[in-house]
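Listing of structure_10.tsv; format and content: TSV, C-alpha atoms.
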chain	number	residue	atom	x	y	z
K	149	MET	CA	200.05	19.97	7.60
K	150	GLY	CA	199.67	21.89	10.93
K	151	ASP	CA	201.44	24.84	12.55
K	152	GLU	CA	205.18	25.25	12.85
K	153	LYS	CA	204.87	24.39	16.55
K	154	ASP	CA	203.69	20.91	15.50
K	155	PHE	CA	207.11	20.21	14.05
K	156	ILE	CA	209.56	18.75	16.55
K	157	THR	CA	213.23	17.87	16.48
K	158	ILE	CA	214.55	14.33	16.32
K	159	GLY	CA	215.50	14.65	20.02
K	160	GLU	CA	211.97	15.58	21.00
K	161	ALA	CA	210.51	12.80	18.85
K	162	ALA	CA	212.92	10.31	20.43
K	163	GLN	CA	211.80	11.44	23.88
K	164	ILE	CA	208.10	10.95	23.07
K	165	LEU	CA	208.77	7.49	21.65
K	166	GLY	CA	211.22	6.43	24.35
K	167	VAL	CA	213.89	5.38	21.83
K	168	SER	CA	217.32	6.76	21.01
K	169	ILE	CA	218.08	9.33	18.32
K	170	ASP	CA	220.15	6.68	16.51
K	171	THR	CA	217.11	4.43	16.45
K	172	LEU	CA	215.05	7.19	14.82
K	173	ARG	CA	217.79	7.68	12.22
K	174	ARG	CA	217.63	3.95	11.48
K	175	TRP	CA	213.83	4.08	11.28
K	176	ASP	CA	214.15	6.91	8.78
K	177	LYS	CA	216.53	4.87	6.58
K	178	SER	CA	214.32	1.79	6.74
K	179	GLY	CA	211.15	3.80	6.10
K	180	ARG	CA	209.52	2.76	9.36
K	181	LEU	CA	209.04	6.34	10.53
K	182	ASN	CA	210.18	9.21	8.34
K	183	PRO	CA	210.55	12.86	9.33
K	184	ALA	CA	207.90	15.14	7.87
K	185	LYS	CA	210.52	17.48	6.44
K	186	ILE	CA	214.13	18.56	6.61
K	187	SER	CA	214.92	22.00	8.04
K	188	GLU	CA	216.88	24.58	6.09
K	189	ALA	CA	219.91	23.69	8.19
K	190	GLY	CA	219.46	20.05	7.18
K	191	TYR	CA	217.93	18.63	10.40
K	192	ARG	CA	215.12	16.10	10.47
K	193	LEU	CA	211.82	17.58	11.66
K	194	TYR	CA	208.98	15.31	12.77
K	195	TYR	CA	205.28	16.13	12.73
K	196	LYS	CA	204.18	15.67	16.34
K	197	PRO	CA	200.66	14.29	15.64
K	198	GLN	CA	202.24	11.69	13.33
K	199	VAL	CA	204.69	10.64	16.05
K	200	GLU	CA	201.80	10.31	18.50
K	201	LEU	CA	199.77	8.34	15.98
K	202	PHE	CA	202.73	5.99	15.49
K	203	LEU	CA	202.79	5.41	19.24
K	204	ASN	CA	199.03	4.84	19.30
K	205	ASP	CA	199.13	2.06	16.72
K	206	LEU	CA	199.68	-0.60	19.35
K	207	PHE	CA	198.86	-3.55	17.14
K	208	GLY	CA	201.16	-2.24	14.39
K	209	LEU	CA	204.01	-1.79	16.87
K	210	ALA	CA	203.56	-5.30	18.28
K	211	LYS	CA	203.30	-6.86	14.83
K	212	ASP	CA	206.47	-5.13	13.65
K	213	TRP	CA	208.23	-6.42	16.75
K	214	VAL	CA	207.27	-10.08	16.26
K	215	LEU	CA	207.82	-9.96	12.51
K	216	LYS	CA	210.96	-7.87	12.25
K	217	GLU	CA	212.44	-7.54	15.76
K	218	THR	CA	212.10	-3.77	15.62
K	219	GLU	CA	212.96	-1.77	18.71
K	220	LEU	CA	210.11	-1.26	21.17
K	221	PRO	CA	209.14	1.82	23.14
K	222	PRO	CA	210.13	0.72	26.67
K	223	GLN	CA	206.73	1.45	28.19
K	224	PHE	CA	205.29	-1.46	26.18
K	225	TYR	CA	207.98	-4.03	27.01
K	226	CYS	CA	207.75	-6.36	30.03
K	227	SER	CA	211.08	-8.12	30.45
K	228	ASN	CA	209.75	-10.56	33.07
K	229	SER	CA	206.48	-11.73	34.59
K	230	ALA	CA	206.83	-9.49	37.66
K	231	VAL	CA	206.88	-6.39	35.45
K	232	PHE	CA	203.87	-7.75	33.55
K	233	GLN	CA	201.98	-8.44	36.77
K	234	THR	CA	202.58	-4.88	37.99
K	235	ARG	CA	201.44	-3.31	34.73
K	236	LEU	CA	198.43	-5.61	34.49
K	237	THR	CA	197.36	-4.59	38.00
K	238	LYS	CA	197.69	-0.96	36.95
K	239	MET	CA	195.44	-1.64	33.96
K	240	GLN	CA	192.96	-3.35	36.27
K	241	ASP	CA	192.88	-0.26	38.49
K	242	ILE	CA	192.13	1.92	35.45
K	243	LEU	CA	189.42	-0.37	34.04
K	244	MET	CA	187.64	-0.93	37.34
K	245	VAL	CA	186.56	2.70	37.67
K	246	ILE	CA	184.91	2.79	34.22
K	247	PRO	CA	181.17	2.30	34.94
K	248	GLN	CA	180.39	0.63	31.57
K	249	LEU	CA	182.97	-2.08	32.32
K	250	ASN	CA	181.63	-2.81	35.78
K	251	ASN	CA	180.57	-6.38	35.00
K	252	ILE	CA	183.33	-7.49	32.68
K	253	PHE	CA	186.57	-5.80	33.74
K	254	PRO	CA	187.75	-8.76	35.91
K	255	LEU	CA	187.23	-11.00	32.87
K	256	VAL	CA	189.13	-8.66	30.56
K	257	VAL	CA	192.03	-8.53	33.03
K	258	ALA	CA	191.96	-12.31	33.53
K	259	VAL	CA	192.02	-12.92	29.75
K	260	ALA	CA	194.98	-10.56	29.28
K	261	GLY	CA	196.66	-12.14	32.31
K	262	GLU	CA	196.30	-15.68	30.96
K	263	ILE	CA	197.63	-14.76	27.52
K	264	GLY	CA	200.59	-12.82	28.95
K	265	ASN	CA	201.42	-15.43	31.57
K	266	ASN	CA	201.19	-18.17	28.95
K	267	SER	CA	204.02	-16.46	27.11
K	268	PHE	CA	206.22	-16.44	30.20
K	269	ASP	CA	205.29	-19.95	31.40
K	270	HIS	CA	205.91	-21.63	28.05
K	271	ASN	CA	209.13	-19.84	27.18
K	272	LEU	CA	210.92	-19.76	30.50
K	273	GLY	CA	214.52	-20.78	29.79
K	274	ASN	CA	213.68	-21.24	26.10
K	275	TRP	CA	213.35	-17.73	24.65
K	276	PRO	CA	214.91	-17.94	21.14
K	277	ASP	CA	216.12	-14.32	21.17
K	278	ILE	CA	214.37	-11.62	23.23
K	279	ALA	CA	212.90	-12.68	26.57
K	280	GLY	CA	209.69	-10.99	27.64
K	281	ILE	CA	206.51	-9.68	26.10
K	282	PHE	CA	204.88	-6.67	24.49
K	283	PHE	CA	201.93	-5.46	26.55
K	284	ALA	CA	199.99	-2.28	25.80
K	285	TYR	CA	196.43	-1.08	26.01
K	286	ASP	CA	194.27	1.81	24.91
K	287	VAL	CA	191.39	2.38	27.28
K	288	ASN	CA	189.65	4.82	24.92
K	289	LYS	CA	189.80	2.48	21.95
K	290	ARG	CA	189.02	-0.42	24.29
K	291	ASN	CA	191.80	-2.68	23.15
K	292	ILE	CA	194.75	-4.60	24.59
K	293	VAL	CA	197.71	-5.93	22.60
K	294	LEU	CA	200.08	-8.67	23.75
K	295	ALA	CA	202.92	-10.31	21.84
K	296	ASP	CA	205.97	-12.46	22.37
K	297	ARG	CA	208.96	-13.64	20.33
K	298	GLY	CA	208.88	-17.05	21.98
K	299	VAL	CA	208.72	-20.53	20.47
K	300	GLY	CA	205.00	-20.30	19.57
K	301	ILE	CA	202.01	-22.52	20.28
K	302	LEU	CA	202.95	-25.40	17.95
K	303	ALA	CA	206.43	-25.90	19.45
K	304	THR	CA	204.99	-25.65	22.97
K	305	LEU	CA	202.23	-28.20	22.40
K	306	LYS	CA	204.49	-30.60	20.49
K	307	ARG	CA	206.20	-31.31	23.83
K	308	ILE	CA	203.07	-33.08	25.02
K	309	LYS	CA	201.45	-33.90	21.66
K	310	PRO	CA	204.32	-34.81	19.30
K	311	GLU	CA	201.85	-35.76	16.55
K	312	LEU	CA	200.88	-32.11	15.99
K	313	ASN	CA	202.31	-30.93	12.69
K	314	ASN	CA	200.89	-27.54	11.83
K	315	ASP	CA	200.07	-24.19	13.45
K	316	GLU	CA	196.38	-24.35	12.63
K	317	LYS	CA	195.90	-27.66	14.42
K	318	ALA	CA	198.02	-26.43	17.33
K	319	LEU	CA	195.78	-23.38	17.82
K	320	GLN	CA	192.71	-25.62	17.61
K	321	VAL	CA	194.09	-27.84	20.40
K	322	ALA	CA	195.28	-24.90	22.50
K	323	PHE	CA	191.85	-23.27	22.48
K	324	THR	CA	189.66	-26.37	22.74
K	325	GLU	CA	191.24	-29.46	24.32
K	326	ILE	CA	191.40	-29.67	28.09
K	327	LEU	CA	194.73	-31.28	28.89
K	328	SER	CA	194.62	-32.75	32.37
K	329	GLY	CA	197.33	-34.57	34.28
K	330	ARG	CA	199.87	-33.37	31.77
K	331	SER	CA	203.48	-34.23	32.06
K	332	PRO	CA	206.22	-33.14	32.11
K	333	GLU	CA	204.76	-29.70	32.56
K	334	ASN	CA	201.84	-28.79	34.72
K	335	ARG	CA	200.62	-25.88	32.66
K	336	GLY	CA	198.36	-24.96	29.80
K	337	ASN	CA	194.58	-24.69	29.67
K	338	GLY	CA	194.73	-20.89	29.96
K	339	LEU	CA	193.63	-20.45	26.36
K	340	LYS	CA	190.56	-22.64	26.96
K	341	PHE	CA	189.63	-20.16	29.67
K	342	VAL	CA	190.20	-17.31	27.22
K	343	ARG	CA	187.90	-18.97	24.68
K	344	LYS	CA	185.16	-19.54	27.24
K	345	ILE	CA	185.26	-15.93	28.47
K	346	VAL	CA	185.31	-14.42	24.98
K	347	SER	CA	182.47	-16.62	23.68
K	348	GLU	CA	180.24	-15.68	26.64
K	349	ASN	CA	180.97	-11.95	26.89
K	350	PRO	CA	181.21	-8.82	24.73
K	351	ILE	CA	184.93	-9.34	24.21
K	352	GLY	CA	186.73	-10.00	20.92
K	353	LEU	CA	190.01	-11.79	20.29
K	354	LEU	CA	192.42	-12.03	17.42
K	355	PHE	CA	195.25	-14.48	18.13
K	356	GLN	CA	198.09	-15.40	15.80
K	357	SER	CA	200.91	-17.91	16.17
K	358	GLY	CA	203.06	-19.28	13.36
K	359	ASN	CA	201.01	-19.07	10.17
K	360	ALA	CA	197.62	-19.54	11.83
K	361	GLU	CA	195.28	-16.74	12.82
K	362	LEU	CA	192.22	-17.17	15.01
K	363	THR	CA	189.36	-14.73	15.49
K	364	LEU	CA	186.80	-15.19	18.22
K	365	VAL	CA	183.81	-13.14	19.32
K	366	LYS	CA	180.78	-13.57	21.57
K	367	ASP	CA	178.49	-16.51	20.76
K	368	ASP	CA	181.08	-18.05	18.42
K	369	ASN	CA	180.79	-21.77	18.85
K	370	ASP	CA	183.18	-22.73	16.09
K	371	LEU	CA	186.73	-21.54	15.99
K	372	ASP	CA	187.54	-19.43	12.97
K	373	ILE	CA	191.16	-20.27	12.19
K	374	LYS	CA	192.69	-19.26	8.90
K	375	TYR	CA	196.05	-19.15	7.20
K	376	SER	CA	198.04	-15.97	7.74
K	377	SER	CA	200.24	-14.64	4.97
K	378	GLU	CA	202.63	-13.09	7.50
K	379	PRO	CA	203.94	-15.97	9.60
K	380	PHE	CA	206.19	-15.47	12.63
K	381	ARG	CA	207.48	-17.62	15.45
K	382	GLY	CA	205.83	-16.34	18.67
K	383	CYS	CA	202.32	-15.15	19.56
K	384	LEU	CA	200.36	-11.98	18.88
K	385	ALA	CA	197.00	-11.16	20.46
K	386	LEU	CA	194.50	-8.31	20.16
K	387	ILE	CA	191.73	-8.17	22.75
K	388	THR	CA	188.82	-5.77	22.18
K	389	PHE	CA	186.15	-4.99	24.76
V	130	MET	CA	189.55	-23.09	59.40
V	131	LYS	CA	188.71	-20.02	57.35
V	132	ILE	CA	191.22	-18.35	55.05
V	133	GLU	CA	190.73	-15.02	53.30
V	134	LEU	CA	192.26	-15.23	49.84
V	135	LYS	CA	192.67	-11.46	49.61
V	136	LYS	CA	195.53	-11.85	52.06
V	137	PHE	CA	197.47	-13.33	49.12
V	138	GLY	CA	196.54	-10.33	46.94
V	139	THR	CA	193.50	-9.06	45.09
V	140	THR	CA	194.84	-9.81	41.57
V	141	LEU	CA	195.56	-13.52	41.59
V	142	ILE	CA	196.68	-14.43	38.11
V	143	SER	CA	200.09	-16.04	37.60
V	144	ARG	CA	201.27	-19.60	38.17
V	145	GLN	CA	204.38	-18.37	39.87
V	146	ASN	CA	202.40	-16.37	42.43
V	147	GLY	CA	199.93	-19.22	42.87
V	148	ARG	CA	202.81	-21.59	43.66
V	149	GLU	CA	204.31	-19.12	46.12
V	150	ALA	CA	200.95	-18.62	47.82
V	151	PHE	CA	200.48	-22.39	48.09
V	152	ALA	CA	203.92	-22.80	49.67
V	153	ALA	CA	203.26	-19.96	52.13
V	154	PHE	CA	199.96	-21.60	53.02
V	155	GLN	CA	201.47	-24.93	54.15
V	156	PRO	CA	202.46	-24.05	57.75
V	157	PRO	CA	198.95	-22.83	58.79
V	158	LEU	CA	197.46	-25.94	57.15
V	159	MET	CA	199.43	-28.18	59.52
V	160	VAL	CA	197.03	-27.39	62.34
V	161	LEU	CA	193.89	-28.28	60.37
V	162	GLY	CA	192.00	-30.97	62.28
V	163	GLU	CA	191.40	-34.36	60.70
V	164	ASN	CA	187.69	-33.74	60.18
V	165	GLU	CA	187.83	-29.98	60.07
V	166	SER	CA	186.74	-28.19	56.91
V	167	LEU	CA	188.89	-25.66	55.08
V	168	GLU	CA	186.90	-22.60	54.08
V	169	LEU	CA	188.40	-20.29	51.42
V	170	ASP	CA	186.80	-16.86	51.24
V	171	PHE	CA	187.05	-15.01	47.88
V	172	GLU	CA	185.64	-11.75	49.27
V	173	GLY	CA	187.78	-8.82	48.06
V	174	VAL	CA	189.45	-10.74	45.21
V	175	ILE	CA	189.22	-8.54	42.09
V	176	THR	CA	190.71	-10.71	39.35
V	177	PHE	CA	191.24	-14.45	39.49
V	178	SER	CA	192.58	-16.74	36.76
V	179	PRO	CA	193.09	-20.46	36.12
V	180	SER	CA	196.90	-20.22	36.27
V	181	TRP	CA	196.88	-19.04	39.89
V	182	GLY	CA	193.87	-21.20	40.73
V	183	ASP	CA	195.38	-24.38	39.30
V	184	GLU	CA	198.51	-23.99	41.42
V	185	PHE	CA	196.63	-23.17	44.61
V	186	LEU	CA	193.17	-24.77	44.48
V	187	SER	CA	193.76	-27.95	42.47
V	188	PRO	CA	196.12	-29.56	45.01
V	189	LEU	CA	193.77	-28.54	47.85
V	190	LEU	CA	190.80	-30.07	46.06
V	191	LYS	CA	192.76	-33.27	45.51
V	192	LYS	CA	193.83	-33.47	49.15
V	193	TYR	CA	190.76	-32.24	51.04
V	194	ASP	CA	187.98	-33.11	48.59
V	195	SER	CA	184.61	-32.29	50.20
V	196	ARG	CA	186.27	-30.66	53.21
V	197	LEU	CA	187.31	-27.79	50.91
V	198	ILE	CA	184.55	-25.16	50.86
V	199	LEU	CA	184.64	-22.01	48.74
V	200	ILE	CA	182.61	-18.96	49.72
V	201	ASN	CA	181.83	-15.55	48.16
V	202	THR	CA	182.56	-16.81	44.65
V	203	ASP	CA	180.32	-14.31	42.80
V	204	ASN	CA	183.09	-12.40	41.01
V	205	PRO	CA	182.79	-13.32	37.28
V	206	SER	CA	186.49	-14.18	36.95
V	207	VAL	CA	186.27	-16.41	40.04
V	208	LYS	CA	183.17	-18.17	38.69
V	209	ALA	CA	184.67	-18.77	35.25
V	210	THR	CA	187.95	-20.01	36.71
V	211	LEU	CA	186.25	-22.45	39.09
V	212	GLU	CA	184.19	-23.89	36.21
V	213	LEU	CA	187.36	-24.56	34.19
V	214	LEU	CA	189.26	-26.03	37.15
V	215	GLU	CA	186.34	-28.39	37.81
V	216	LYS	CA	186.66	-29.64	34.23
V	217	ILE	CA	190.43	-30.03	34.49
V	218	ASN	CA	190.24	-31.87	37.82
V	219	GLN	CA	187.03	-33.67	36.89
V	220	LYS	CA	185.73	-32.90	40.34
V	221	PRO	CA	183.30	-30.20	41.57
V	222	PHE	CA	184.12	-27.62	44.21
V	223	ILE	CA	181.73	-27.25	47.12
V	224	ARG	CA	180.58	-23.63	47.11
Please, can you express the file's structure as structure tokens?
Amino acid sequence: MGDEKDFITIGEAAQILGVSIDTLRRWDKSGRLNPAKISEAGYRLYYKPQVELFLNDLFGLAKDWVLKETELPPQFYCSNSAVFQTRLTKMQDILMVIPQLNNIFPLVVAVAGEIGNNSFDHNLGNWPDIAGIFFAYDVNKRNIVLADRGVGILATLKRIKPELNNDEKALQVAFTEILSGRSPENRGNGLKFVRKIVSENPIGLLFQSGNAELTLVKDDNDLDIKYSSEPFRGCLALITF
Amino acid sequence: MKIELKKFGTTLISRQNGREAFAAFQPPLMVLGENESLELDFEGVITFSPSWGDEFLSPLLKKYDSRLILINTDNPSVKATLELLEKINQKPFIR
């Protein structure tokens, strides 16, 4: 392992991660993030590259949050749709100056926007525990991660299609059936847009809700939905571009 | 009457903002003549999505039908959104 200067105190690690020292102590006990070593005086010392790597694993962070309600670094948490809108616009400003993304960046932003807004629209006033979404992106790795701890696609669609009885079928409907003139809520259809954009462009999508997991890439005409061994209540999405 | 959509913002993505934009748009619409067309200009819009579009464009399409004319719709997110809204409303936009 690297130089002595790569070892940082629990306070410094907490600062990088945007969580409290108590949280890091809990993470140590639970095994989520352990210090690299203990100093002679008995203090936890963290290996800085490992802390940074932990922060870079956006999908892992989001998955832990939806599965286990772990604490989130605040820079990835949008408590309401206004915060999400602001951060999404910032992402748009970053993507729009990358020459290789010239033709598709509005589509990438629109896809992320529809998935994130879906979470807010469908859970408003109904959040089971934590309101808001996880939203993070890595421009270098070309990926975006979104997640929510809301009621999930099946519970949302059951309001207008009570006959739906499993997550797999619910994802199928959400991504394929145009629901027009819906009542009581005038919303939905965003995921059909997502499917259309992904199937026509060099964009990939992994979307999970309940125990169903969908993967979608360019030129995919059939939806690939399979059973996930790690079910959870809300939604989790990984967009690659 | 010609309206520049960029005056509502250049990132038009959420239902909430689409609803607010539609409400703010009602007073100027009052003066639209009976046979006058309503031209919506997408020039300068960077990202557009069905959530915003459904709240803003769908009621206009229903009300004004062929008097609603959309121009500068070349942005890929605008194009894709309009195609989906046409399916939802089962009615084409004039563009």
Show me, as an mmCIF file with C-alpha atoms, keeping the file's coordinate frame, every residue of chain V with an atom at most 10 Å from chain K, counting all atoms listed in the file.
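This is the output file result19.cif:
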data_model
loop_
_atom_site.group_PDB
_atom_site.id
_atom_site.type_symbol
_atom_site.label_atom_id
_atom_site.label_comp_id
_atom_site.auth_asym_id
_atom_site.auth_seq_id
_atom_site.Cartn_x
_atom_site.Cartn_y
_atom_site.Cartn_z
ATOM 1 C CA THR V 139 193.500 -9.060 45.090
ATOM 2 C CA THR V 140 194.840 -9.810 41.570
ATOM 3 C CA LEU V 141 195.560 -13.520 41.590
ATOM 4 C CA ILE V 142 196.680 -14.430 38.110
ATOM 5 C CA SER V 143 200.090 -16.040 37.600
ATOM 6 C CA ARG V 144 201.270 -19.600 38.170
ATOM 7 C CA GLN V 145 204.380 -18.370 39.870
ATOM 8 C CA ASN V 146 202.400 -16.370 42.430
ATOM 9 C CA VAL V 174 189.450 -10.740 45.210
ATOM 10 C CA ILE V 175 189.220 -8.540 42.090
ATOM 11 C CA THR V 176 190.710 -10.710 39.350
ATOM 12 C CA PHE V 177 191.240 -14.450 39.490
ATOM 13 C CA SER V 178 192.580 -16.740 36.760
ATOM 14 C CA PRO V 179 193.090 -20.460 36.120
ATOM 15 C CA SER V 180 196.900 -20.220 36.270
ATOM 16 C CA TRP V 181 196.880 -19.040 39.890
ATOM 17 C CA ASP V 183 195.380 -24.380 39.300
ATOM 18 C CA GLU V 184 198.510 -23.990 41.420
ATOM 19 C CA ASN V 204 183.090 -12.400 41.010
ATOM 20 C CA PRO V 205 182.790 -13.320 37.280
ATOM 21 C CA SER V 206 186.490 -14.180 36.950
ATOM 22 C CA VAL V 207 186.270 -16.410 40.040
ATOM 23 C CA ALA V 209 184.670 -18.770 35.250
ATOM 24 C CA THR V 210 187.950 -20.010 36.710
ATOM 25 C CA GLU V 212 184.190 -23.890 36.210
ATOM 26 C CA LEU V 213 187.360 -24.560 34.190
ATOM 27 C CA LEU V 214 189.260 -26.030 37.150
ATOM 28 C CA LYS V 216 186.660 -29.640 34.230
ATOM 29 C CA ILE V 217 190.430 -30.030 34.490
ATOM 30 C CA ASN V 218 190.240 -31.870 37.820
ATOM 31 C CA GLN V 219 187.030 -33.670 36.890
#
Rounded to one decimal in Å, what is the spacing between CA of Ser178 (chain K) and CA of Glu200 (chain K)? 19.2 Å
Just want the 8 Å neighbourhood of region 281-287 of chain K, counted on all atoms listed in the file, with same-chain residues fewer than 6 positions away dropped. Output as a ChimeraX atom specification. /K:204,206,210,224-228,232,243,264,267-268,293-297
For the point (188.7, 0.7, 28.5) in file coordinates, what residues are within 8 Å, counting all atoms listed in the file? Give the answer as a list in words?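 Answer for this query, in the requested form: Ile242, Leu243, Ile246, Leu249, Asp286, Val287, Asn288, Lys289, Arg290, Asn291 and Phe389 of chain K.
In terms of minimum interatomic distance to Ala150 (chain V), V:Phe185 ranks closest within V:Phe185, V:Glu165, V:Ile198, V:Leu190, counting all atoms listed in the file.
Checking V:Gly138, V:Gly162, V:Gly147, V:Pro156 one by one against Gly182 (chain V), counting all atoms listed in the file, you find the shortest gap at V:Gly147.
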In the coordinates of the file, take the point (190.2, -13.5, 23.1) and a cut-off of 6 Å; then, counting all atoms listed in the file, name each qualifying protein, DNA or RNA residue as a ChimeraX atom specification. /K:342,346,352-353,387
Please measure the separation of CA of Thr157 (chain K) and CA of Arg192 (chain K), giving the value in Å to one decimal.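 Pair CA of Thr157 (chain K) / CA of Arg192 (chain K) returns 6.5 Å.
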Please write out, as AutoDock Vina command-line options, where the centre of an axis-aligned box around all listed atoms of region 176-195 of chain V lies and how long its edges are, in Å to one decimal, after adding 5 Å on each side.
--center_x 191.6 --center_y -22.1 --center_z 43.6 --size_x 23.9 --size_y 32.8 --size_z 24.9
Pick the closest to Arg196 (chain V) from V:Met130, V:Lys136, V:Lys208, V:Phe154: which is it, counting only C-alpha atoms?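 So, comparing all the options, the nearest one is V:Met130.
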CA of Ile164 (chain K) to CA of Val199 (chain K), straight-line distance in Å: 7.8 Å
